[in-house]
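Here's the structure we're looking at; comments come further down.
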Amino acid sequence: RATQGRSEMSLDTLDADALLLVAKAVGHGGTYMLSVMRRLSRPCNEAAGLALSNVDEVDLQPWSATVRDVAVISIVKGCPQLTSLDLGYCSITDAAVVTLAAGCPQLTTLKLDGCDKITDAAVVAVASGCKRLTKLDLADCTNITDAAVVAVAAGCPLLTSLVLADCYKITDAAAEAVASDCKHFTSLNLAFCHKITNAAVVAVAAGCPLLKTLTLSDCNKITDAAVVAVALGCPQLETLGLNYCNSITDAALEVVHSRCKQLRNLTLLRGGGR
């Protein structure tokens, strides 16, 4: 999908691999023709470059096995209108994300799940450069700590959705920052964040009354007190994931049933988790 843009560029600024990735990721014949037009006259080259500069959504996750920093950096430079970028499981480092943060200020959706080489520095850069961000996926980014989440909460006031599943270094401080600063928040995934306690969940329940989705699977320190706080503080809740939260009892679930009238999905598997 493309939007109207005013910037002009030449396809010469993109390397061949990056150009082909964009053509595939956007997924229609007009964009694929860019790789042909690149070889034609300068006016055609510039026209194709303008078309590329209007691309606003790119999904590179299907080609994650081949995507490296150089391709992402090249794409970012060629697609300044990006609002949505999926880099899930791409083998990239902080360098790619820092360039992305500086070059795509209109970004609203960013998926970095499985990018396990990135550190807090990359996420802090996103928080500084992508002020319009509403959705951020950091699942399986195992180097991420509270500092990154605190920066995002403070720097991205429009944030509504955050995935931190399997970010095992995350503690209550991260969730408390989100609860304090992200007043439009509707979705939070803390699955397998084993350091999360009741304090974090109580803070989210108090600070995020618009919450619709909360996933706490295998947060094994969670007890009834946290679930009751969510039930009382988040009346619009639609999905609640409590798999392997083995301390939860029927008493908490009864409060959820009585207070969360919008609830459609509740998962509560018992067992050892991870």
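If you're wondering about the labels, chains in the structure tokens are A, B, ... by order shown, residues count from 1 in each chain, ligands from 1 in order shown.
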
Counting only C-alpha atoms, what are the residues of region 105-204 of chain A within 12 Å of region 51-72 of chain A, and for each of them which pair of atoms is the nearest and at what distance in Å, to one decimal? Sort the table by chain and rising number, as a Markdown table.
| residue | atom | partner | partner_atom | distance |
| --- | --- | --- | --- | --- |
| A:Pro105 | CA | A:Asp56 | CA | 11.8 |
| A:Gln106 | CA | A:Asp56 | CA | 9.2 |
| A:Leu107 | CA | A:Asp56 | CA | 8.7 |
| A:Thr108 | CA | A:Glu57 | CA | 10.2 |
| A:Thr109 | CA | A:Glu57 | CA | 9.2 |
| A:Leu110 | CA | A:Asp59 | CA | 10.0 |
| A:Lys111 | CA | A:Gln61 | CA | 9.0 |
| A:Leu112 | CA | A:Gln61 | CA | 9.4 |
| A:Asp113 | CA | A:Gln61 | CA | 9.6 |
| A:Gly114 | CA | A:Ser64 | CA | 9.9 |
| A:Cys115 | CA | A:Ser64 | CA | 9.7 |
| A:Lys117 | CA | A:Asp69 | CA | 11.2 |
| A:Ile118 | CA | A:Asp69 | CA | 11.2 |

Check region 64-198 of chain A with DSSP on the backbone and list each residue it calls alpha helix (DSSP H), as a PyMOL selection string. chain A and resi 69-78+94-103+120-129+146-155+172-181+198

Using only C-alpha atoms, what table do you get, as CSV, when you list each residue of region 131-165 of chain A with an atom no more than 12 Å from region 73-83 of chain A, its nearest pair of atoms, and their distance in Å rounded to one decimal, rows by chain then rising number?
residue,atom,partner,partner_atom,distance
A:Lys131,CA,A:Thr83,CA,11.5
A:Arg132,CA,A:Thr83,CA,9.0
A:Leu133,CA,A:Thr83,CA,8.7
A:Thr134,CA,A:Thr83,CA,10.2
A:Lys135,CA,A:Thr83,CA,10.7

Near Val228 (chain A), counting only C-alpha atoms, which residues have an atom at most 10 Å away, once you skip same-chain residues fewer than 4 positions from it, shown as a PyMOL selection string? chain A and resi 201-202+205+223-224+232-234+251-256+259

Export of the given selection (C-alpha atoms) as a JSON list (two decimals), in the first residue's frame:
[["chain", "number", "residue", "atom", "x", "y", "z"],
["A", 201, "VAL", "CA", -0.10, -6.22, 37.16],
["A", 202, "VAL", "CA", -1.79, -4.09, 39.80],
["A", 205, "ALA", "CA", -4.80, -2.45, 36.09],
["A", 223, "THR", "CA", -1.61, -14.62, 42.39],
["A", 224, "ASP", "CA", -5.32, -13.91, 42.78],
["A", 232, "LEU", "CA", -11.83, -4.37, 38.78],
["A", 233, "GLY", "CA", -9.68, -1.91, 36.84],
["A", 234, "CYS", "CA", -10.10, -3.07, 33.22],
["A", 251, "ALA", "CA", -12.01, -17.02, 43.60],
["A", 252, "ALA", "CA", -10.15, -14.72, 41.20],
["A", 253, "LEU", "CA", -11.84, -16.19, 38.16],
["A", 254, "GLU", "CA", -15.25, -15.57, 39.69],
["A", 255, "VAL", "CA", -14.41, -11.87, 40.00],
["A", 256, "VAL", "CA", -13.28, -11.83, 36.37],
["A", 259, "ARG", "CA", -16.78, -7.78, 36.29]]

Tell me which of A:Ser128, A:Thr267, A:Thr93, A:Asn243 sits closest to Cys219 (chain A), counting only C-alpha atoms.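 Using only C-alpha atoms, Cys219 (chain A) sits closest to A:Asn243.
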
Run DSSP on the backbone and tell me which residues of region 106-206 of chain A come out as strand (DSSP E); list them as a compact mmCIF listing (two decimals) with N, CA, C and O atoms, in the first residue's frame.
# COMPACT_ATOMS: atom_id res chain seq x y z
N THR A 109 3.79 1.20 13.40
CA THR A 109 3.84 -0.21 13.77
C THR A 109 5.22 -0.77 13.46
O THR A 109 5.70 -0.65 12.33
N LEU A 110 5.85 -1.39 14.47
CA LEU A 110 7.18 -1.96 14.29
C LEU A 110 7.24 -3.32 14.96
O LEU A 110 6.98 -3.44 16.16
N LYS A 111 7.58 -4.33 14.18
CA LYS A 111 7.74 -5.68 14.72
C LYS A 111 9.21 -6.07 14.66
O LYS A 111 9.78 -6.16 13.58
N LYS A 135 2.22 0.52 17.96
CA LYS A 135 2.36 -0.91 18.20
C LYS A 135 3.83 -1.31 18.09
O LYS A 135 4.48 -1.02 17.08
N LEU A 136 4.33 -2.01 19.11
CA LEU A 136 5.73 -2.44 19.14
C LEU A 136 5.80 -3.88 19.63
O LEU A 136 5.26 -4.21 20.69
N ASP A 137 6.45 -4.73 18.85
CA ASP A 137 6.60 -6.14 19.20
C ASP A 137 8.08 -6.43 19.43
O ASP A 137 8.89 -6.35 18.50
N SER A 161 -0.09 -0.88 22.06
CA SER A 161 0.17 -2.31 22.12
C SER A 161 1.66 -2.59 22.25
O SER A 161 2.46 -2.03 21.51
N LEU A 162 2.01 -3.48 23.20
CA LEU A 162 3.40 -3.82 23.43
C LEU A 162 3.52 -5.31 23.72
O LEU A 162 2.81 -5.84 24.59
N VAL A 163 4.39 -5.98 22.99
CA VAL A 163 4.64 -7.40 23.20
C VAL A 163 6.06 -7.57 23.74
O VAL A 163 7.03 -7.19 23.10
N SER A 187 -3.29 -3.28 24.82
CA SER A 187 -2.80 -4.67 24.72
C SER A 187 -1.38 -4.79 25.26
O SER A 187 -0.49 -4.04 24.86
N LEU A 188 -1.19 -5.76 26.18
CA LEU A 188 0.12 -5.99 26.78
C LEU A 188 0.37 -7.49 26.90
O LEU A 188 -0.47 -8.23 27.43
N ASN A 189 1.51 -7.93 26.38
CA ASN A 189 1.89 -9.34 26.45
C ASN A 189 3.18 -9.47 27.24
O ASN A 189 4.24 -9.03 26.80

Contacts of Leu242 (chain A) within 6 Å, only C-alpha atoms, excl. fewer than 4 positions in-chain, as a list in words: Leu216, Ser217, Thr267 and Leu268 of chain A

Residue subset to file, keeping N, CA and C atoms, as an mmCIF file, in the first residue's frame:
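The resulting again_6.cif:
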data_model
loop_
_atom_site.group_PDB
_atom_site.id
_atom_site.type_symbol
_atom_site.label_atom_id
_atom_site.label_comp_id
_atom_site.auth_asym_id
_atom_site.auth_seq_id
_atom_site.Cartn_x
_atom_site.Cartn_y
_atom_site.Cartn_z
ATOM 1 N N LEU A 216 -0.379 -13.061 30.473
ATOM 2 C CA LEU A 216 0.539 -13.251 31.591
ATOM 3 C C LEU A 216 0.995 -14.702 31.690
ATOM 4 N N SER A 217 0.907 -15.447 30.613
ATOM 5 C CA SER A 217 1.223 -16.874 30.637
ATOM 6 C C SER A 217 2.608 -17.129 31.227
ATOM 7 N N THR A 267 -7.637 -18.130 28.888
ATOM 8 C CA THR A 267 -6.850 -19.362 28.848
ATOM 9 C C THR A 267 -6.195 -19.572 30.206
ATOM 10 N N LEU A 268 -6.294 -20.812 30.704
ATOM 11 C CA LEU A 268 -5.781 -21.109 32.037
ATOM 12 C C LEU A 268 -5.320 -22.565 32.086
#
